[in-house]
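S.K.: Got a structure for you, data.txt, holding compact mmCIF, C-alpha atoms.
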```
# COMPACT_ATOMS: atom_id res chain seq x y z
CA VAL A 1 -33.69 55.21 16.88
CA ASP A 2 -32.03 56.10 20.20
CA VAL A 3 -28.57 55.85 18.65
CA LEU A 4 -29.55 58.16 15.79
CA ALA A 5 -31.25 60.60 18.14
CA ARG A 6 -28.17 60.84 20.34
CA ALA A 7 -26.00 61.42 17.27
CA MET A 8 -28.33 64.24 16.24
CA ASP A 9 -28.15 65.74 19.74
CA ARG A 10 -24.35 65.75 19.50
CA GLY A 11 -24.39 67.27 16.01
CA GLU A 12 -22.74 64.16 14.54
CA PHE A 13 -25.56 63.17 12.19
CA ASN A 14 -25.54 64.29 8.54
CA GLY A 15 -28.83 63.81 6.73
CA LEU A 16 -27.17 64.61 3.38
CA ASN A 17 -25.04 61.46 3.46
CA GLY A 18 -26.52 59.95 0.31
CA GLU A 19 -29.36 58.12 2.03
CA THR A 20 -32.77 59.33 0.87
CA LEU A 21 -36.26 59.43 2.32
CA LYS A 22 -38.44 57.44 -0.09
CA PHE A 23 -42.18 57.86 -0.58
CA THR A 24 -44.49 55.80 -2.78
CA LEU A 25 -46.82 57.25 -5.41
CA ALA A 26 -49.52 57.33 -2.71
CA GLY A 27 -47.29 59.29 -0.34
CA GLU A 28 -46.43 56.34 1.95
CA LEU A 29 -42.99 56.49 3.54
CA VAL A 30 -41.12 53.25 2.73
CA ASP A 31 -37.57 54.16 3.71
CA GLY A 32 -36.46 56.56 6.44
CA GLN A 33 -38.86 55.83 9.29
CA HIS A 34 -36.07 55.45 11.84
CA ARG A 35 -34.33 58.65 10.78
CA LEU A 36 -37.52 60.68 11.03
CA ALA A 37 -38.40 59.11 14.38
CA ALA A 38 -34.95 60.14 15.61
CA VAL A 39 -35.59 63.74 14.49
CA VAL A 40 -38.80 63.78 16.53
CA ARG A 41 -37.09 62.26 19.56
CA SER A 42 -34.07 64.56 19.46
CA GLY A 43 -35.96 67.70 18.47
CA VAL A 44 -33.06 68.64 16.19
CA ALA A 45 -34.01 69.66 12.63
CA GLN A 46 -32.24 67.84 9.82
CA LYS A 47 -31.95 68.15 6.04
CA PHE A 48 -32.68 65.10 3.88
CA VAL A 49 -32.86 64.29 0.19
CA VAL A 50 -36.42 63.19 -0.58
CA VAL A 51 -37.45 60.87 -3.40
CA ARG A 52 -41.15 60.76 -4.26
CA GLY A 53 -43.10 58.46 -6.55
CA VAL A 54 -41.42 55.15 -5.69
CA ASP A 55 -43.54 52.33 -7.10
CA PHE A 56 -45.33 50.33 -4.38
CA GLU A 57 -44.06 47.02 -5.75
CA ALA A 58 -40.53 48.36 -6.07
CA ALA A 59 -40.67 49.48 -2.44
CA ASP A 60 -40.40 45.84 -1.40
CA THR A 61 -36.88 45.73 -2.85
CA VAL A 62 -35.58 48.73 -0.87
CA ASP A 63 -32.47 47.85 1.15
CA THR A 64 -33.09 44.10 0.80
CA GLY A 65 -29.37 43.56 1.19
CA THR A 66 -29.49 44.97 4.73
CA ALA A 67 -31.18 43.80 7.89
CA ARG A 68 -34.57 45.20 6.78
CA PRO A 69 -36.99 42.40 7.74
CA PHE A 70 -39.45 40.69 5.41
CA SER A 71 -42.11 41.25 8.06
CA GLY A 72 -42.03 44.93 7.05
CA VAL A 73 -42.93 43.99 3.48
CA LEU A 74 -45.94 42.05 4.74
CA LYS A 75 -46.96 44.86 7.09
CA ARG A 76 -47.02 47.37 4.22
CA ARG A 77 -49.35 45.00 2.41
CA GLY A 78 -51.80 44.92 5.28
CA TRP A 79 -50.89 41.57 6.82
CA SER A 80 -51.36 40.92 10.53
CA GLY A 81 -49.14 38.64 12.59
CA THR A 82 -46.28 39.64 10.32
CA ASN A 83 -43.45 38.20 12.42
CA ASN A 84 -45.04 34.75 12.41
CA ALA A 85 -45.99 35.03 8.76
CA ALA A 86 -42.45 36.04 7.77
CA ALA A 87 -40.98 33.08 9.66
CA VAL A 88 -43.46 30.65 8.12
CA SER A 89 -42.74 32.04 4.64
CA ARG A 90 -39.01 31.48 5.08
CA TRP A 91 -39.50 27.95 6.36
CA LEU A 92 -41.84 27.10 3.49
CA TRP A 93 -39.30 28.46 1.01
CA LEU A 94 -36.58 26.27 2.53
CA TYR A 95 -38.93 23.28 2.70
CA ASP A 96 -39.96 23.62 -0.94
CA GLN A 97 -36.30 23.96 -1.93
CA GLU A 98 -35.65 20.71 -0.01
CA ARG A 99 -33.27 22.51 2.31
CA SER A 100 -32.91 22.12 6.05
CA LEU A 101 -34.93 24.55 8.14
CA LEU A 102 -31.73 24.96 10.15
CA ASP A 103 -29.90 26.38 7.13
CA ARG A 104 -28.84 29.94 8.00
CA ASN A 105 -26.51 30.33 5.02
CA VAL A 106 -29.30 30.63 2.44
CA LYS A 107 -31.04 34.00 2.32
CA PRO A 108 -34.07 34.11 0.00
CA SER A 109 -34.93 37.53 -1.39
CA HIS A 110 -38.02 39.44 -0.32
CA GLN A 111 -39.54 38.79 -3.72
CA GLU A 112 -39.01 35.03 -3.35
CA LEU A 113 -40.57 35.08 0.10
CA LEU A 114 -43.46 37.21 -1.11
CA CYS A 115 -44.23 34.63 -3.81
CA VAL A 116 -44.37 31.95 -1.10
CA ALA A 117 -46.52 34.08 1.19
CA GLU A 118 -49.04 34.83 -1.54
CA ALA A 119 -49.16 31.25 -2.85
CA ASN A 120 -49.93 29.61 0.51
CA PRO A 121 -52.74 30.06 3.08
CA ILE A 122 -50.32 31.34 5.73
CA ALA A 123 -52.56 34.07 7.16
CA GLU A 124 -55.40 31.58 7.64
CA ALA A 125 -53.06 29.13 9.38
CA ILE A 126 -51.91 31.59 12.05
CA HIS A 127 -54.15 31.49 15.08
CA LYS A 128 -53.66 30.81 18.77
CA ASP A 129 -55.76 27.68 19.19
CA ALA A 130 -54.83 24.63 21.27
CA PHE A 131 -52.41 23.36 18.62
CA GLY A 132 -50.73 26.74 18.32
CA MET A 133 -50.34 27.02 22.07
CA PHE A 134 -48.98 23.48 22.27
CA VAL A 135 -46.27 23.61 19.60
CA GLY A 136 -45.97 27.38 19.11
CA VAL A 137 -47.93 29.60 16.73
CA THR A 138 -45.25 29.70 14.01
CA ASN A 139 -44.65 25.95 14.15
CA ALA A 140 -48.38 25.24 14.07
CA ALA A 141 -48.97 27.53 11.08
CA PHE A 142 -46.12 25.96 9.12
CA LEU A 143 -47.41 22.45 9.86
CA ARG A 144 -50.98 23.39 8.95
CA VAL A 145 -49.87 24.67 5.55
CA VAL A 146 -47.71 21.61 4.83
CA PHE A 147 -50.39 19.19 6.04
CA GLY A 148 -53.06 21.04 4.09
CA ARG A 149 -51.26 20.32 0.86
CA GLU A 150 -52.23 16.69 1.42
CA SER A 151 -55.65 17.19 2.99
CA VAL A 152 -57.13 20.25 4.68
CA ASP A 153 -59.57 18.10 6.64
CA ASP A 154 -56.84 15.77 7.88
CA ALA A 155 -54.66 18.77 8.72
CA GLU A 156 -57.34 20.22 11.00
CA LEU A 157 -58.16 16.86 12.58
CA PHE A 158 -54.49 16.19 13.33
CA ALA A 159 -54.06 19.71 14.74
CA THR A 160 -57.13 19.38 16.96
CA ARG A 161 -56.13 16.01 18.37
CA ALA A 162 -52.50 16.98 18.83
CA GLY A 163 -53.46 20.24 20.48
CA LEU A 164 -56.07 18.86 22.86
CA GLY A 165 -54.62 15.39 23.37
CA THR A 166 -58.08 13.81 23.34
CA GLY A 167 -59.21 10.59 21.68
CA LEU A 168 -55.69 9.20 21.43
CA GLU A 169 -54.81 5.57 22.08
CA ALA A 170 -51.51 3.79 22.63
CA GLY A 171 -49.62 3.45 19.36
CA ASP A 172 -51.25 6.51 17.80
CA PRO A 173 -48.56 8.58 15.97
CA ILE A 174 -50.24 11.75 17.24
CA LEU A 175 -49.82 10.56 20.84
CA ALA A 176 -46.15 9.78 20.14
CA PHE A 177 -45.73 13.28 18.71
CA ARG A 178 -47.35 14.87 21.76
CA SER A 179 -45.11 12.88 24.06
CA ARG A 180 -41.97 14.04 22.27
CA VAL A 181 -43.04 17.66 22.41
CA ILE A 182 -43.97 17.41 26.09
CA ASN A 183 -40.63 15.78 26.87
CA MET A 184 -38.82 18.54 25.00
CA LYS A 185 -40.71 21.19 26.97
CA SER A 186 -39.63 19.58 30.24
CA VAL A 187 -35.96 20.05 29.36
CA ASP A 188 -34.09 23.11 30.58
CA ALA A 189 -34.51 25.97 28.09
CA SER A 190 -30.79 26.12 27.32
CA ALA A 191 -30.84 22.48 26.19
CA ARG A 192 -34.01 22.55 24.10
CA LEU A 193 -33.88 21.70 20.44
CA HIS A 194 -34.46 24.11 17.57
CA PRO A 195 -38.17 24.42 16.58
CA ALA A 196 -37.24 22.76 13.28
CA PHE A 197 -37.10 19.46 15.13
CA THR A 198 -40.66 19.95 16.36
CA VAL A 199 -42.00 20.44 12.85
CA ALA A 200 -39.93 17.50 11.56
CA TRP A 201 -41.52 15.28 14.22
CA GLY A 202 -44.92 16.69 13.31
CA ILE A 203 -44.54 15.91 9.59
CA LYS A 204 -43.34 12.40 10.36
CA ALA A 205 -46.28 11.81 12.72
CA PHE A 206 -48.81 13.24 10.26
CA ASN A 207 -47.63 10.96 7.46
CA ALA A 208 -47.63 7.92 9.74
CA TRP A 209 -51.09 8.79 11.05
CA ARG A 210 -52.53 9.12 7.54
CA ARG A 211 -51.00 5.75 6.58
CA GLY A 212 -52.60 4.16 9.63
CA ASP A 213 -49.28 3.21 11.17
CA SER A 214 -49.10 2.44 14.87
```
Re-express the file's structure as structure tokens.
M.R.:
Amino acid sequence: VDVLARAMDRGEFNGLNGETLKFTLAGELVDGQHRLAAVVRSGVAQKFVVVRGVDFEAADTVDTGTARPFSGVLKRRGWSGTNNAAAVSRWLWLYDQERSLLDRNVKPSHQELLCVAEANPIAEAIHKDAFGMFVGVTNAAFLRVVFGRESVDDAELFATRAGLGTGLEAGDPILAFRSRVINMKSVDASARLHPAFTVAWGIKAFNAWRRGDS
């Protein structure tokens, strides 16, 4: 916004450059927020081409080839915790496609991510309880959804024990998981592993715990 506002102050911005302001049938602005915010900040009037009546569903496909985040799609649909939810949705999409969570070369569309978000209890899994504080809210939500596919009760029991660290004995896979996470946290930030490793350890521990391994 600051960059646009400064360009407007200098008279370098042209609102008739082919980019439109888009409004839904209900009058909601879905494309052009930054440009209008820059007008307010600069105080310099601009001319724009306005398109009205964009379908709400179609609005989710606006500028999906640019850096427009999926969290914005979720926000327009009334979600809270949209940054976490968007990250969990992407990880679930990669997980279900049997791809590495470290894969940055694959970019699912907003529509693909929206299907994942609506098909999984992501919103319910995002909360800052002991488990979320221990492994991170996004990591915890992803693990809760994946674990819940096997057993919701077991998912909550694992999360509670892993988060609080109570009732664990030597040889318990949950204790081993906690130890790995604690060790990782003790390492200098610049040397810490990607969060994908945390969730991989969590899935391995959950499966071992349900099998009764020690």
S.K.: Just checking: using only C-alpha atoms, which residue out of A:Leu29, A:Ala176, A:Leu164, A:Ala87 ends up closest to Thr138 of chain A?
M.R.: A:Ala87
S.K.: One decimal, Å: what's the distance from atom CA of Arg90 of chain A over to atom CA of Ala26 of chain A, could you say?
M.R.: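 For atom CA of Arg90 of chain A relative to atom CA of Ala26 of chain A, the distance reads 29.0 Å.
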S.K.: Please provide the set of residues having any atom within 9 Å of segment 191-203 of chain A, restricted to only C-alpha atoms, with same-chain residues fewer than 2 positions apart removed, written as number ranges by chain.
M.R.: A: 91, 100-102, 135-136, 139-140, 142-143, 146-147, 174, 177-178, 180-181, 184-189, 205-208
S.K.: Return the padded bounding box of segment 118-135 of chain A as AutoDock Vina command-line options: axis-aligned, built from all atoms listed in the file, 6 Å added on each side, with centre and edge lengths in Å to one decimal.
M.R.:
```
--center_x -51.0 --center_y 29.1 --center_z 9.7 --size_x 21.5 --size_y 23.5 --size_z 37.1
```
S.K.: Counting all atoms listed in the file, which residues have an atom no more than 9 Å from (-32.1, 68.7, 6.5) in the file's coordinates? Please list them as a ChimeraX atom specification.
M.R.: /A:14-16,45-49
S.K.: From the list A:Leu175, A:Val30, A:Val39, A:Leu25, which residue is nearest Met8 of chain A when using all atoms listed in the file?
M.R.: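 Ranking A:Leu175, A:Val30, A:Val39, A:Leu25 by distance to Met8 of chain A, first place goes to A:Val39.
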S.K.: For Ile182 of chain A, which residue out of A:Val54, A:Leu114, A:Ala162, A:Val145 is the nearest one, using only C-alpha atoms?
M.R.: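 Nearest to Ile182 of chain A: A:Ala162.
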S.K.: For each of A:Met133, A:Leu21, A:Leu74, A:Ile122, take the minimum atom-to-atom distance to Leu92 of chain A, counting only C-alpha atoms, then give the residue where this is smallest.
M.R.: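 Ranking A:Met133, A:Leu21, A:Leu74, A:Ile122 by distance to Leu92 of chain A, first place goes to A:Ile122.
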S.K.: Grab the atom CA of Val44 of chain A to atom CA of Gly27 of chain A distance for me, in Å with one decimal place.
M.R.: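 Going from atom CA of Val44 of chain A over to atom CA of Gly27 of chain A covers 23.7 Å.
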S.K.: With all atoms listed in the file as the atoms that count, which of A:Arg211, A:Lys22, A:His34, A:Arg41 lies nearest to Ala5 of chain A?
M.R.: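 Using all atoms listed in the file, Ala5 of chain A sits closest to A:Arg41.
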S.K.: In Å, rounded to a single decimal, give me how far atom CA of Arg35 of chain A is from atom CA of Gly18 of chain A.
M.R.: 13.1 Å
S.K.: Which is closer to Arg149 of chain A than all the others in A:Gly171, A:Gly81, A:Pro121, A:Gly53, using only C-alpha atoms?
M.R.: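 Of A:Gly171, A:Gly81, A:Pro121, A:Gly53, the one nearest Arg149 of chain A is A:Pro121, counting only C-alpha atoms.
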S.K.: Reconstruct N, CA and C atoms of segment 131-151 of chain A from the incomplete input and present them as an mmCIF file, in the frame of the given file.
M.R.:
```cif
data_model
loop_
_atom_site.group_PDB
_atom_site.id
_atom_site.type_symbol
_atom_site.label_atom_id
_atom_site.label_comp_id
_atom_site.auth_asym_id
_atom_site.auth_seq_id
_atom_site.Cartn_x
_atom_site.Cartn_y
_atom_site.Cartn_z
ATOM 1 N N PHE A 131 -53.592 23.871 19.320
ATOM 2 C CA PHE A 131 -52.410 23.360 18.620
ATOM 3 C C PHE A 131 -51.313 24.419 18.602
ATOM 4 N N GLY A 132 -51.707 25.661 18.339
ATOM 5 C CA GLY A 132 -50.730 26.740 18.320
ATOM 6 C C GLY A 132 -50.100 26.961 19.680
ATOM 7 N N MET A 133 -50.880 26.848 20.731
ATOM 8 C CA MET A 133 -50.340 27.020 22.070
ATOM 9 C C MET A 133 -49.456 25.852 22.458
ATOM 10 N N PHE A 134 -49.740 24.678 21.914
ATOM 11 C CA PHE A 134 -48.980 23.480 22.270
ATOM 12 C C PHE A 134 -47.601 23.448 21.609
ATOM 13 N N VAL A 135 -47.553 23.705 20.307
ATOM 14 C CA VAL A 135 -46.270 23.610 19.600
ATOM 15 C C VAL A 135 -45.674 24.968 19.256
ATOM 16 N N GLY A 136 -46.427 26.047 19.494
ATOM 17 C CA GLY A 136 -45.970 27.380 19.110
ATOM 18 C C GLY A 136 -46.709 27.828 17.868
ATOM 19 N N VAL A 137 -47.093 29.085 17.822
ATOM 20 C CA VAL A 137 -47.930 29.600 16.730
ATOM 21 C C VAL A 137 -47.244 29.459 15.369
ATOM 22 N N THR A 138 -45.959 29.801 15.290
ATOM 23 C CA THR A 138 -45.250 29.700 14.010
ATOM 24 C C THR A 138 -45.136 28.254 13.571
ATOM 25 N N ASN A 139 -44.759 27.366 14.488
ATOM 26 C CA ASN A 139 -44.650 25.950 14.150
ATOM 27 C C ASN A 139 -45.993 25.392 13.679
ATOM 28 N N ALA A 140 -47.051 25.743 14.408
ATOM 29 C CA ALA A 140 -48.380 25.240 14.070
ATOM 30 C C ALA A 140 -48.823 25.723 12.693
ATOM 31 N N ALA A 141 -48.574 26.985 12.390
ATOM 32 C CA ALA A 141 -48.970 27.530 11.080
ATOM 33 C C ALA A 141 -48.222 26.838 9.960
ATOM 34 N N PHE A 142 -46.911 26.657 10.147
ATOM 35 C CA PHE A 142 -46.120 25.960 9.120
ATOM 36 C C PHE A 142 -46.660 24.553 8.902
ATOM 37 N N LEU A 143 -46.914 23.824 9.986
ATOM 38 C CA LEU A 143 -47.410 22.450 9.860
ATOM 39 C C LEU A 143 -48.781 22.413 9.202
ATOM 40 N N ARG A 144 -49.648 23.358 9.551
ATOM 41 C CA ARG A 144 -50.980 23.390 8.950
ATOM 42 C C ARG A 144 -50.903 23.566 7.428
ATOM 43 N N VAL A 145 -50.006 24.442 6.990
ATOM 44 C CA VAL A 145 -49.870 24.670 5.550
ATOM 45 C C VAL A 145 -49.335 23.419 4.864
ATOM 46 N N VAL A 146 -48.302 22.813 5.437
ATOM 47 C CA VAL A 146 -47.710 21.610 4.830
ATOM 48 C C VAL A 146 -48.717 20.460 4.846
ATOM 49 N N PHE A 147 -49.395 20.253 5.960
ATOM 50 C CA PHE A 147 -50.390 19.190 6.040
ATOM 51 C C PHE A 147 -51.534 19.438 5.066
ATOM 52 N N GLY A 148 -51.940 20.694 4.955
ATOM 53 C CA GLY A 148 -53.060 21.040 4.090
ATOM 54 C C GLY A 148 -52.819 20.759 2.628
ATOM 55 N N ARG A 149 -51.568 20.666 2.250
ATOM 56 C CA ARG A 149 -51.260 20.320 0.860
ATOM 57 C C ARG A 149 -51.684 18.889 0.545
ATOM 58 N N GLU A 150 -51.776 18.072 1.593
ATOM 59 C CA GLU A 150 -52.230 16.690 1.420
ATOM 60 C C GLU A 150 -53.742 16.590 1.615
ATOM 61 N N SER A 151 -54.217 17.210 2.696
ATOM 62 C CA SER A 151 -55.650 17.190 2.990
ATOM 63 C C SER A 151 -55.942 18.238 4.052
#
```
